[in-house]
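Structure file target08.csv (CSV, C-alpha atoms) follows.
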chain,number,residue,atom,x,y,z
A,9,MET,CA,92.3,-10.0,-52.5
A,10,ILE,CA,92.0,-9.2,-48.8
A,11,SER,CA,94.0,-6.4,-47.3
A,12,GLU,CA,96.2,-7.0,-44.3
A,13,ALA,CA,94.2,-4.5,-42.2
A,14,VAL,CA,91.0,-6.5,-42.7
A,15,MET,CA,92.7,-9.9,-42.2
A,16,ASN,CA,94.2,-8.7,-38.9
A,17,MET,CA,90.8,-7.5,-37.5
A,18,PRO,CA,89.9,-9.1,-34.2
A,19,ILE,CA,87.5,-12.0,-34.2
A,20,SER,CA,84.0,-10.7,-35.1
A,21,ARG,CA,81.4,-10.3,-32.4
A,22,ASP,CA,79.3,-12.7,-34.5
A,23,GLY,CA,81.9,-15.5,-34.0
A,24,ALA,CA,79.8,-17.6,-31.7
A,25,GLU,CA,76.7,-17.2,-33.8
A,26,ILE,CA,78.6,-18.1,-36.9
A,27,ALA,CA,80.0,-21.2,-35.2
A,28,ALA,CA,76.5,-22.2,-34.4
A,29,VAL,CA,75.4,-21.7,-38.0
A,30,ARG,CA,78.3,-23.9,-39.1
A,31,ARG,CA,77.0,-26.6,-36.8
A,32,GLY,CA,73.6,-26.3,-38.5
A,33,ASP,CA,71.8,-24.6,-35.7
A,34,PRO,CA,68.5,-23.3,-37.2
A,35,GLU,CA,67.9,-20.8,-34.5
A,36,ALA,CA,71.3,-19.2,-34.9
A,37,LEU,CA,70.8,-19.1,-38.7
A,38,SER,CA,67.4,-17.5,-38.3
A,39,ALA,CA,68.8,-14.9,-35.9
A,40,LEU,CA,71.7,-14.2,-38.3
A,41,ILE,CA,69.3,-13.7,-41.2
A,42,GLU,CA,67.2,-11.3,-39.1
A,43,GLN,CA,70.2,-9.4,-37.9
A,44,PHE,CA,71.5,-8.5,-41.4
A,45,HIS,CA,68.1,-8.6,-43.2
A,46,HIS,CA,67.6,-4.8,-43.6
A,47,ARG,CA,71.2,-4.0,-44.5
A,48,LEU,CA,71.5,-6.8,-47.0
A,49,TYR,CA,68.2,-5.8,-48.7
A,50,ARG,CA,69.2,-2.2,-48.8
A,51,TYR,CA,72.6,-3.0,-50.3
A,52,LEU,CA,71.0,-5.3,-53.0
A,53,LEU,CA,68.3,-2.7,-53.8
A,54,HIS,CA,71.0,-0.1,-54.4
A,55,VAL,CA,72.9,-2.4,-56.7
A,56,CYS,CA,69.8,-3.8,-58.6
A,57,LYS,CA,67.4,-0.9,-58.3
A,58,ASP,CA,64.6,-3.5,-58.5
A,59,SER,CA,62.9,-4.8,-55.4
A,60,PHE,CA,62.0,-8.2,-57.0
A,61,THR,CA,65.6,-8.9,-58.0
A,62,ALA,CA,66.8,-7.7,-54.6
A,63,GLU,CA,64.4,-10.1,-52.9
A,64,ASP,CA,65.5,-12.9,-55.0
A,65,LEU,CA,69.2,-12.2,-54.6
A,66,LEU,CA,68.7,-11.8,-50.8
A,67,GLN,CA,67.3,-15.3,-50.5
A,68,GLN,CA,70.0,-16.7,-52.8
A,69,THR,CA,72.7,-14.9,-50.7
A,70,TRP,CA,71.6,-16.8,-47.6
A,71,LEU,CA,71.4,-20.1,-49.5
A,72,ARG,CA,75.0,-19.5,-50.6
A,73,VAL,CA,76.0,-18.6,-47.1
A,74,ILE,CA,74.9,-21.9,-45.7
A,75,GLU,CA,76.7,-23.6,-48.5
A,76,LYS,CA,79.9,-21.6,-48.0
A,77,VAL,CA,79.9,-20.7,-44.3
A,78,HIS,CA,82.6,-23.3,-43.6
A,79,LYS,CA,84.9,-21.2,-45.8
A,80,TYR,CA,84.2,-17.9,-43.9
A,81,ASP,CA,87.4,-16.7,-42.1
A,82,SER,CA,86.2,-15.5,-38.7
A,83,ARG,CA,89.1,-12.9,-38.6
A,84,ARG,CA,87.2,-11.0,-41.2
A,85,ARG,CA,84.0,-9.0,-40.5
A,86,PHE,CA,81.0,-11.1,-41.2
A,87,ASP,CA,79.1,-8.3,-42.9
A,88,VAL,CA,81.9,-7.7,-45.3
A,89,TRP,CA,82.0,-11.4,-46.2
A,90,LEU,CA,78.2,-11.5,-46.5
A,91,PHE,CA,78.1,-8.5,-48.8
A,92,SER,CA,80.8,-10.0,-51.0
A,93,VAL,CA,78.7,-13.1,-51.3
A,94,ALA,CA,75.7,-11.0,-52.3
A,95,ARG,CA,77.9,-9.0,-54.7
A,96,ASN,CA,79.1,-12.0,-56.5
A,97,LEU,CA,75.5,-13.2,-57.0
A,98,ALA,CA,74.5,-9.8,-58.3
A,99,ILE,CA,77.4,-9.9,-60.8
A,100,ASP,CA,76.2,-13.4,-61.9
A,101,HIS,CA,72.7,-12.0,-62.2
A,102,PHE,CA,73.9,-9.0,-64.4
A,103,ARG,CA,76.0,-11.3,-66.5
A,104,ALA,CA,73.2,-13.8,-67.1
A,105,ARG,CA,70.9,-11.1,-68.2
A,106,LYS,CA,73.7,-9.2,-70.1
A,107,PHE,CA,72.9,-6.0,-68.3
A,108,ALA,CA,75.0,-3.1,-69.4
A,109,ASP,CA,74.8,-1.7,-65.8
A,110,SER,CA,77.0,-4.3,-64.3
A,111,LEU,CA,79.1,-4.3,-61.1
A,112,ASP,CA,82.1,-5.7,-62.9
A,113,GLU,CA,82.2,-3.3,-65.7
A,114,PRO,CA,84.2,-0.1,-65.7
A,115,ALA,CA,82.3,3.1,-65.1
A,116,SER,CA,81.1,4.9,-68.2
A,117,THR,CA,81.8,8.4,-66.8
A,118,GLU,CA,85.6,8.7,-66.6
A,119,GLY,CA,88.1,11.4,-66.2
A,120,LEU,CA,86.6,14.8,-65.7
A,121,THR,CA,85.6,16.1,-62.3
A,122,TRP,CA,82.3,17.7,-61.5
A,123,SER,CA,83.7,21.2,-61.6
A,124,GLU,CA,85.3,20.6,-64.9
A,125,LYS,CA,82.1,19.3,-66.4
A,126,LEU,CA,79.8,21.9,-64.8
A,127,PRO,CA,81.7,25.2,-64.4
A,128,GLY,CA,79.8,27.8,-62.5
A,129,ALA,CA,77.3,25.5,-60.8
A,130,ASP,CA,75.3,27.0,-58.0
A,131,ALA,CA,77.2,26.6,-54.8
A,132,GLY,CA,74.1,26.6,-52.6
A,133,ALA,CA,72.2,24.1,-54.6
A,134,LEU,CA,72.3,21.1,-52.3
A,135,GLU,CA,71.8,23.1,-49.2
A,136,ARG,CA,68.5,24.3,-50.7
A,137,LEU,CA,67.6,20.8,-51.5
A,138,LEU,CA,68.3,19.6,-48.0
A,139,LEU,CA,66.3,22.4,-46.5
A,140,ALA,CA,63.4,21.5,-48.8
A,141,GLU,CA,63.7,17.9,-47.6
A,142,GLN,CA,64.3,16.6,-51.0
A,143,ASN,CA,66.2,13.5,-50.2
A,144,VAL,CA,64.0,11.7,-52.6
A,145,PHE,CA,65.4,13.9,-55.3
A,146,LEU,CA,68.9,12.9,-54.3
A,147,GLY,CA,67.8,9.2,-54.3
A,148,GLU,CA,66.5,9.6,-57.8
A,149,CYS,CA,69.8,11.1,-58.9
A,150,LEU,CA,71.7,8.3,-57.1
A,151,ASN,CA,69.6,5.8,-59.1
A,152,GLN,CA,70.9,7.3,-62.3
A,153,LEU,CA,74.5,6.4,-61.5
A,154,PRO,CA,76.1,3.2,-62.8
A,155,ALA,CA,75.8,0.2,-60.4
A,156,ILE,CA,79.4,0.3,-59.3
A,157,HIS,CA,79.0,3.9,-58.3
A,158,ARG,CA,75.7,3.3,-56.4
A,159,GLU,CA,77.4,0.4,-54.7
A,160,VAL,CA,80.4,2.2,-53.5
A,161,LEU,CA,78.3,5.1,-52.2
A,162,ALA,CA,76.0,2.8,-50.4
A,163,LEU,CA,78.9,0.9,-48.8
A,164,ARG,CA,80.6,4.0,-47.7
A,165,PHE,CA,77.7,6.2,-46.5
A,166,GLU,CA,75.0,3.7,-45.5
A,167,GLU,CA,77.1,0.7,-44.4
A,168,ASP,CA,79.9,2.9,-43.1
A,169,LEU,CA,82.6,0.6,-44.4
A,170,LYS,CA,86.2,1.8,-44.6
A,171,LEU,CA,88.0,1.9,-47.9
A,172,ASP,CA,90.0,-1.3,-47.1
A,173,GLU,CA,86.8,-3.1,-46.2
A,174,ILE,CA,85.2,-2.1,-49.4
A,175,ALA,CA,88.3,-3.2,-51.3
A,176,ALA,CA,88.2,-6.6,-49.6
A,177,LEU,CA,84.5,-6.9,-50.3
A,178,ALA,CA,84.8,-6.0,-54.0
A,179,GLY,CA,88.2,-7.7,-54.5
A,180,ILE,CA,89.8,-4.6,-55.9
A,181,PRO,CA,92.8,-2.5,-55.0
A,182,LEU,CA,92.4,0.3,-52.5
A,183,SER,CA,93.4,2.9,-55.1
A,184,THR,CA,90.5,1.7,-57.3
A,185,VAL,CA,88.0,2.1,-54.5
A,186,LYS,CA,89.3,5.6,-53.9
A,187,SER,CA,89.0,6.7,-57.5
A,188,ARG,CA,85.6,4.9,-57.8
A,189,LEU,CA,84.3,6.7,-54.7
A,190,SER,CA,85.5,10.0,-56.0
A,191,ARG,CA,84.0,9.5,-59.4
A,192,ALA,CA,80.7,8.3,-57.9
A,193,MET,CA,80.5,11.6,-55.9
A,194,ASP,CA,81.4,13.6,-58.9
A,195,GLY,CA,78.7,11.8,-60.9
A,196,LEU,CA,76.1,12.3,-58.3
A,197,ARG,CA,76.8,16.0,-58.0
A,198,ALA,CA,76.7,16.3,-61.8
A,199,ARG,CA,73.3,14.7,-61.9
A,200,VAL,CA,71.9,16.8,-59.1
A,201,GLU,CA,73.1,20.0,-60.8
A,202,GLU,CA,71.8,18.9,-64.2
A,203,ARG,CA,68.4,18.2,-62.8
A,204,LEU,CA,68.3,21.5,-60.9
A,205,ARG,CA,69.2,23.4,-64.1
A,206,GLY,CA,66.5,21.5,-65.9
A,207,THR,CA,63.9,22.6,-63.3
A,208,GLU,CA,65.1,26.1,-63.3
A,209,LEU,CA,64.7,26.5,-67.1
B,9,MET,CA,97.7,20.7,-62.3
B,10,ASN,CA,97.8,23.5,-59.8
B,11,GLU,CA,97.3,23.2,-56.1
B,12,HIS,CA,93.6,24.3,-56.3
B,13,GLN,CA,92.9,21.5,-58.8
B,14,THR,CA,94.8,18.9,-56.8
B,15,VAL,CA,92.9,19.8,-53.6
B,16,GLN,CA,89.5,20.0,-55.4
B,17,LYS,CA,90.0,16.5,-56.7
B,18,LEU,CA,90.5,15.3,-53.1
B,19,LEU,CA,87.5,17.2,-51.6
B,20,PRO,CA,84.9,14.5,-52.3
B,21,LEU,CA,87.1,12.0,-50.5
B,22,LEU,CA,87.6,14.4,-47.6
B,23,ALA,CA,83.8,14.8,-47.3
B,24,ALA,CA,83.4,11.0,-47.5
B,25,GLY,CA,85.8,10.8,-44.5
B,26,VAL,CA,88.3,8.6,-46.2
B,27,LEU,CA,91.2,11.0,-46.7
B,28,GLU,CA,94.0,10.3,-44.3
B,29,GLY,CA,97.6,11.2,-43.4
B,30,LYS,CA,99.6,13.4,-45.7
B,31,GLU,CA,96.8,14.0,-48.2
B,32,ARG,CA,94.4,15.0,-45.5
B,33,ALA,CA,96.9,17.4,-43.9
B,34,GLN,CA,97.7,18.9,-47.3
B,35,VAL,CA,94.1,19.5,-48.1
B,36,GLU,CA,93.3,20.9,-44.6
B,37,ALA,CA,96.3,23.3,-44.8
B,38,HIS,CA,95.1,24.5,-48.2
B,39,LEU,CA,91.5,25.0,-47.0
B,40,ALA,CA,92.6,27.1,-44.1
B,41,GLY,CA,93.9,29.7,-46.5
B,42,CYS,CA,91.6,29.3,-49.6
B,43,GLU,CA,88.1,30.6,-49.5
B,44,LEU,CA,87.2,29.2,-52.9
B,45,CYS,CA,88.2,25.7,-52.0
B,46,SER,CA,86.6,26.0,-48.5
B,47,ARG,CA,83.2,26.8,-50.2
B,48,GLU,CA,83.7,23.8,-52.5
B,49,SER,CA,84.5,21.7,-49.5
B,50,ALA,CA,81.3,22.8,-47.8
B,51,ILE,CA,79.3,21.7,-50.8
B,52,TRP,CA,80.9,18.3,-50.8
B,53,ARG,CA,80.2,18.0,-47.1
B,54,SER,CA,76.5,18.7,-47.8
B,55,TYR,CA,76.5,15.9,-50.4
B,56,ALA,CA,78.0,13.5,-47.9
B,57,LEU,CA,75.4,14.6,-45.3
B,58,GLY,CA,72.6,14.1,-47.8
B,59,LEU,CA,73.9,10.6,-48.7
B,60,ALA,CA,74.2,9.6,-45.0
B,61,ARG,CA,70.6,10.8,-44.5
B,62,MET,CA,69.1,9.1,-47.5
B,63,PRO,CA,65.6,7.7,-46.7
B,64,GLN,CA,65.7,4.0,-45.9
B,65,PRO,CA,64.0,1.7,-48.4
B,66,GLN,CA,60.9,-0.1,-47.2
B,67,VAL,CA,61.6,-3.8,-46.7
B,68,PRO,CA,58.6,-5.9,-47.8
B,69,GLU,CA,56.9,-7.0,-44.6
B,70,ASP,CA,56.9,-10.7,-45.2
B,71,LEU,CA,60.3,-11.0,-46.8
B,72,LEU,CA,62.2,-11.8,-43.6
B,73,LEU,CA,59.8,-14.7,-42.9
B,74,ARG,CA,59.9,-16.0,-46.4
B,75,ALA,CA,63.7,-15.8,-46.5
B,76,GLN,CA,64.0,-17.5,-43.1
B,77,ALA,CA,61.6,-20.3,-44.1
B,78,LYS,CA,63.3,-21.0,-47.4
B,79,VAL,CA,66.8,-21.0,-46.0
B,80,LEU,CA,65.9,-23.1,-43.0
B,81,ARG,CA,64.2,-25.6,-45.2
B,82,VAL,CA,67.2,-25.9,-47.4
B,83,GLN,CA,69.5,-26.2,-44.4
B,84,ALA,CA,67.3,-28.8,-42.9
B,85,ALA,CA,67.4,-30.8,-46.1
B,86,LYS,CA,71.2,-30.4,-46.2
B,87,THR,CA,71.6,-31.6,-42.6
B,88,GLN,CA,69.4,-34.6,-43.3
B,89,ARG,CA,71.5,-35.4,-46.4
B,90,GLN,CA,74.6,-35.2,-44.3
B,91,ASN,CA,73.2,-37.3,-41.6
B,92,THR,CA,71.6,-40.0,-43.8
B,93,PRO,CA,74.7,-42.1,-44.4
B,94,TRP,CA,75.5,-42.2,-40.7
B,95,LEU,CA,71.9,-43.1,-39.9
B,96,VAL,CA,71.9,-45.9,-42.4
B,97,LEU,CA,75.3,-47.2,-41.1
B,98,GLY,CA,74.1,-47.0,-37.5
B,99,LEU,CA,70.8,-48.8,-38.3
B,100,SER,CA,72.7,-51.5,-40.2
B,101,VAL,CA,75.1,-52.1,-37.4
B,102,PHE,CA,72.2,-52.2,-34.9
B,103,GLY,CA,70.2,-54.6,-37.1
B,104,TRP,CA,73.1,-57.0,-37.6
B,105,SER,CA,74.0,-56.9,-33.9
B,106,VAL,CA,70.4,-57.8,-32.9
B,107,SER,CA,70.4,-60.5,-35.5
B,108,LEU,CA,73.7,-62.0,-34.2
B,109,VAL,CA,72.6,-61.9,-30.6
B,110,LEU,CA,69.2,-63.4,-31.5
B,111,TRP,CA,71.0,-66.2,-33.4
B,112,ALA,CA,73.3,-67.0,-30.5
B,113,LEU,CA,70.4,-67.1,-28.0
B,114,LEU,CA,68.2,-69.3,-30.2
B,115,HIS,CA,71.2,-71.5,-31.0
B,116,MET,CA,71.7,-72.1,-27.3
B,117,ALA,CA,68.0,-72.6,-26.6
B,118,THR,CA,67.3,-75.0,-29.5
B,119,GLY,CA,70.7,-76.7,-29.8
B,120,GLY,CA,71.1,-75.3,-33.3
B,121,GLN,CA,68.1,-77.1,-34.8
B,122,VAL,CA,65.0,-75.1,-36.1
B,123,VAL,CA,63.7,-76.6,-39.3
B,124,VAL,CA,61.3,-74.5,-41.4
B,125,LEU,CA,60.2,-75.9,-44.8
B,126,GLN,CA,62.9,-78.6,-44.5
B,127,VAL,CA,65.6,-76.0,-44.0
B,128,ASN,CA,67.6,-75.6,-40.7
B,129,VAL,CA,67.3,-71.8,-40.2
B,130,MET,CA,69.8,-72.0,-37.4
B,131,ARG,CA,72.6,-72.7,-39.9
B,132,PHE,CA,74.6,-69.4,-39.9
B,133,ASP,CA,74.6,-68.9,-43.7
B,134,VAL,CA,70.8,-69.4,-43.8
B,135,TRP,CA,70.2,-67.1,-40.8
B,136,ALA,CA,72.5,-64.4,-42.4
B,137,ALA,CA,70.6,-64.6,-45.7
B,138,VAL,CA,67.2,-64.3,-44.0
B,139,SER,CA,68.4,-61.5,-41.7
B,140,THR,CA,69.8,-59.6,-44.7
B,141,ALA,CA,66.5,-59.9,-46.5
B,142,LEU,CA,64.6,-58.6,-43.5
B,143,VAL,CA,67.0,-55.7,-42.9
B,144,TRP,CA,66.8,-54.6,-46.5
B,145,THR,CA,63.0,-54.9,-46.7
B,146,SER,CA,62.4,-52.9,-43.4
B,147,GLY,CA,65.0,-50.4,-44.6
B,148,ALA,CA,63.1,-49.8,-47.9
B,149,VAL,CA,59.8,-49.5,-46.1
B,150,SER,CA,61.4,-47.0,-43.6
B,151,ALA,CA,62.8,-44.9,-46.5
B,152,ILE,CA,59.4,-44.7,-48.2
B,153,LEU,CA,57.7,-43.7,-45.0
B,154,LEU,CA,60.4,-41.1,-44.2
B,155,ALA,CA,60.2,-39.6,-47.7
B,156,ARG,CA,56.4,-39.3,-47.4
B,157,SER,CA,56.7,-37.5,-44.1
B,158,ARG,CA,59.4,-35.2,-45.4
B,159,THR,CA,57.2,-34.3,-48.3
B,160,GLU,CA,54.2,-33.6,-46.1
B,161,TRP,CA,56.4,-31.5,-43.8
B,162,ARG,CA,57.8,-29.5,-46.7
B,163,ASP,CA,54.4,-28.8,-48.1
B,164,ALA,CA,53.2,-27.6,-44.7
B,165,TYR,CA,56.3,-25.4,-44.4
B,166,ASP,CA,55.7,-24.0,-47.9
B,167,SER,CA,52.1,-23.1,-47.2
B,168,PHE,CA,53.3,-21.5,-44.0
B,169,ALA,CA,56.0,-19.5,-45.8
B,170,ARG,CA,53.7,-18.2,-48.5

Here is the file; what I need is its structure written in the form of structure tokens.
Amino acid sequence: MISEAVMNMPISRDGAEIAAVRRGDPEALSALIEQFHHRLYRYLLHVCKDSFTAEDLLQQTWLRVIEKVHKYDSRRRFDVWLFSVARNLAIDHFRARKFADSLDEPASTEGLTWSEKLPGADAGALERLLLAEQNVFLGECLNQLPAIHREVLALRFEEDLKLDEIAALAGIPLSTVKSRLSRAMDGLRARVEERLRGTEL
Amino acid sequence: MNEHQTVQKLLPLLAAGVLEGKERAQVEAHLAGCELCSRESAIWRSYALGLARMPQPQVPEDLLLRAQAKVLRVQAAKTQRQNTPWLVLGLSVFGWSVSLVLWALLHMATGGQVVVLQVNVMRFDVWAAVSTALVWTSGAVSAILLARSRTEWRDAYDSFAR
């Protein structure tokens, strides 16, 4: 399911490079791998939470890319297509191992917003955290979220993808991305506040 | 659901920078006159800021090299597989052409009579049979040598990538 906005994007700046990869140019392929190496690893690490699995899926992603690159539509952003390839492999990985924390399963925390779950939470909590340079703490809370929530937060805040790009990548409607992002942020805030309360007790 | 609740549900999306159009205008208009929701919005913004400033994971140093080596090896094998039928076809055509030209030249030079073991090898059917046998034998030997060199090359690449 690819939204019209994504389909109508101008030809990617990677177009020439992709054409070379299609022709089997090893230098172009090598450069492409290097260009997206860090982002792809970071995305997979967010999804899997395990560096060995992330490494394995990263290599599998590139193998899948050389297999399927002739199907890549150059009107789409290459990074969005690349991440969707990686995502599908991650889903296969979760399914094969019957992980509960799968990208294709619905979120376990539904419905209530943060404020409904945690009335009276400390309004200055995160500011204190940031001042104390406790991003690691935030990362730990992030890792407690379900995979689909970690994924949507990573795609929005680290990869800076727009909602329609995330929708195209994940093959889900825009409205689902919106609600997923909202629930992911609610979930993160809930975990931060829970841990802060735990440390204050 | 009252207006506060409606707006507060949208605040995470506003902080994430994905709220647009009418919804964004509605939320911003409400925030201008509501201190409670403005405080809540500030909290969400700080979460968004925290997420955007998350420490970057350390990528294993040799992962790029290993990934490139593995992928390039697979691609090279794929390219070789794709090219092999054309290579075989080209070599066959070349082999047959050489054989035909050689037969014509020898035929002219010898008048069509070269007897080996009581068989006239200049007869076209005999010449074709001998040529075919030679082409297939040399093809098989080439394939074995090529496979050996590929294996050696792959082993060298593997040890380099490790």

Atom CA of Gln90 of chain B and atom CA of Asp33 of chain A are how many Å apart?
-> 13.9 Å

Step by step: start from the point (73.7, -24.8, -48.3) in the file's coordinates, keep every protein, DNA or RNA residue that has an atom no farther than 9 Å from it, count all atoms listed in the file, and write the set as a PyMOL selection string.
-> (chain A and resi 70-77) or (chain B and resi 79+82-83+85-86)

Any idea what's packed within 10 Å of segment 106-114 of chain B, counting all atoms listed in the file, ignoring anything in its chain fewer than 3 positions away? Could you give it as a list in words?
->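 The residues that qualify are Ser100, Val101, Phe102, Gly103, Ala117, Thr118, Gly119, Gly120, Gln121, Val122, Val129, Met130, Arg131, Phe132, Trp135, Ala136, Val138, Ser139, Thr140 and Val143 of chain B.
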
Sorted per-residue table, chain B near chain A, closest atoms and distance, 10 Å, only C-alpha atoms, as CSV:
residue,atom,partner,partner_atom,distance
B:Gln13,CA,A:Ser123,CA,9.6
B:Gln16,CA,A:Ser123,CA,8.6
B:Lys17,CA,A:Thr121,CA,7.1
B:Leu18,CA,A:Ser190,CA,7.8
B:Leu19,CA,A:Ser190,CA,8.7
B:Pro20,CA,A:Ser190,CA,5.9
B:Leu21,CA,A:Ser190,CA,6.1
B:Leu22,CA,A:Ser190,CA,9.7
B:Ala23,CA,A:Met193,CA,9.8
B:Ala24,CA,A:Phe165,CA,7.5
B:Gly25,CA,A:Lys170,CA,9.0
B:Val26,CA,A:Leu171,CA,6.9
B:Leu27,CA,A:Lys186,CA,9.2
B:Arg47,CA,A:Ala131,CA,7.6
B:Glu48,CA,A:Ala131,CA,7.4
B:Ala50,CA,A:Ala131,CA,9.0
B:Ile51,CA,A:Ala131,CA,6.7
B:Trp52,CA,A:Met193,CA,8.4
B:Arg53,CA,A:Leu134,CA,10.0
B:Ser54,CA,A:Glu135,CA,6.6
B:Tyr55,CA,A:Leu134,CA,6.9
B:Ala56,CA,A:Phe165,CA,7.4
B:Leu57,CA,A:Phe165,CA,8.8
B:Gly58,CA,A:Asn143,CA,6.9
B:Leu59,CA,A:Phe165,CA,6.2
B:Ala60,CA,A:Phe165,CA,5.1
B:Arg61,CA,A:Asn143,CA,7.7
B:Met62,CA,A:Asn143,CA,5.9
B:Pro63,CA,A:Asn143,CA,6.8
B:Gln64,CA,A:Arg50,CA,7.7
B:Pro65,CA,A:Arg50,CA,6.5
B:Gln66,CA,A:Arg50,CA,8.7
B:Val67,CA,A:His46,CA,6.8
B:Pro68,CA,A:Glu63,CA,8.8
B:Leu71,CA,A:Glu63,CA,7.4
B:Leu72,CA,A:His45,CA,6.7
B:Leu73,CA,A:Glu42,CA,9.0
B:Arg74,CA,A:Gln67,CA,8.5
B:Ala75,CA,A:Gln67,CA,5.4
B:Gln76,CA,A:Ser38,CA,5.9
B:Ala77,CA,A:Ser38,CA,8.7
B:Lys78,CA,A:Gln67,CA,7.6
B:Val79,CA,A:Leu71,CA,5.8
B:Leu80,CA,A:Pro34,CA,6.4
B:Arg81,CA,A:Pro34,CA,9.4
B:Val82,CA,A:Leu71,CA,7.5
B:Gln83,CA,A:Ile74,CA,7.0
B:Ala84,CA,A:Pro34,CA,8.0
B:Lys86,CA,A:Glu75,CA,9.0
B:Thr87,CA,A:Gly32,CA,7.0

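Atom CA of Ala36 of chain A is found 25.0 Å from atom CA of Pro93 of chain B.
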
Which residues, protein or nucleic acid, reach to within 9 Å of (82.2, -14.1, -47.8) in the file's coordinates when using all atoms listed in the file, and can you give that as a ChimeraX atom specification?
-> /A:73,76-77,79-81,84,86-94,177

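Compared by their closest atoms to Asn96 of chain A, and using all atoms listed in the file, the residues A:Leu163, A:Ala178, A:Leu48, A:Ala24 rank with A:Ala178 nearest.
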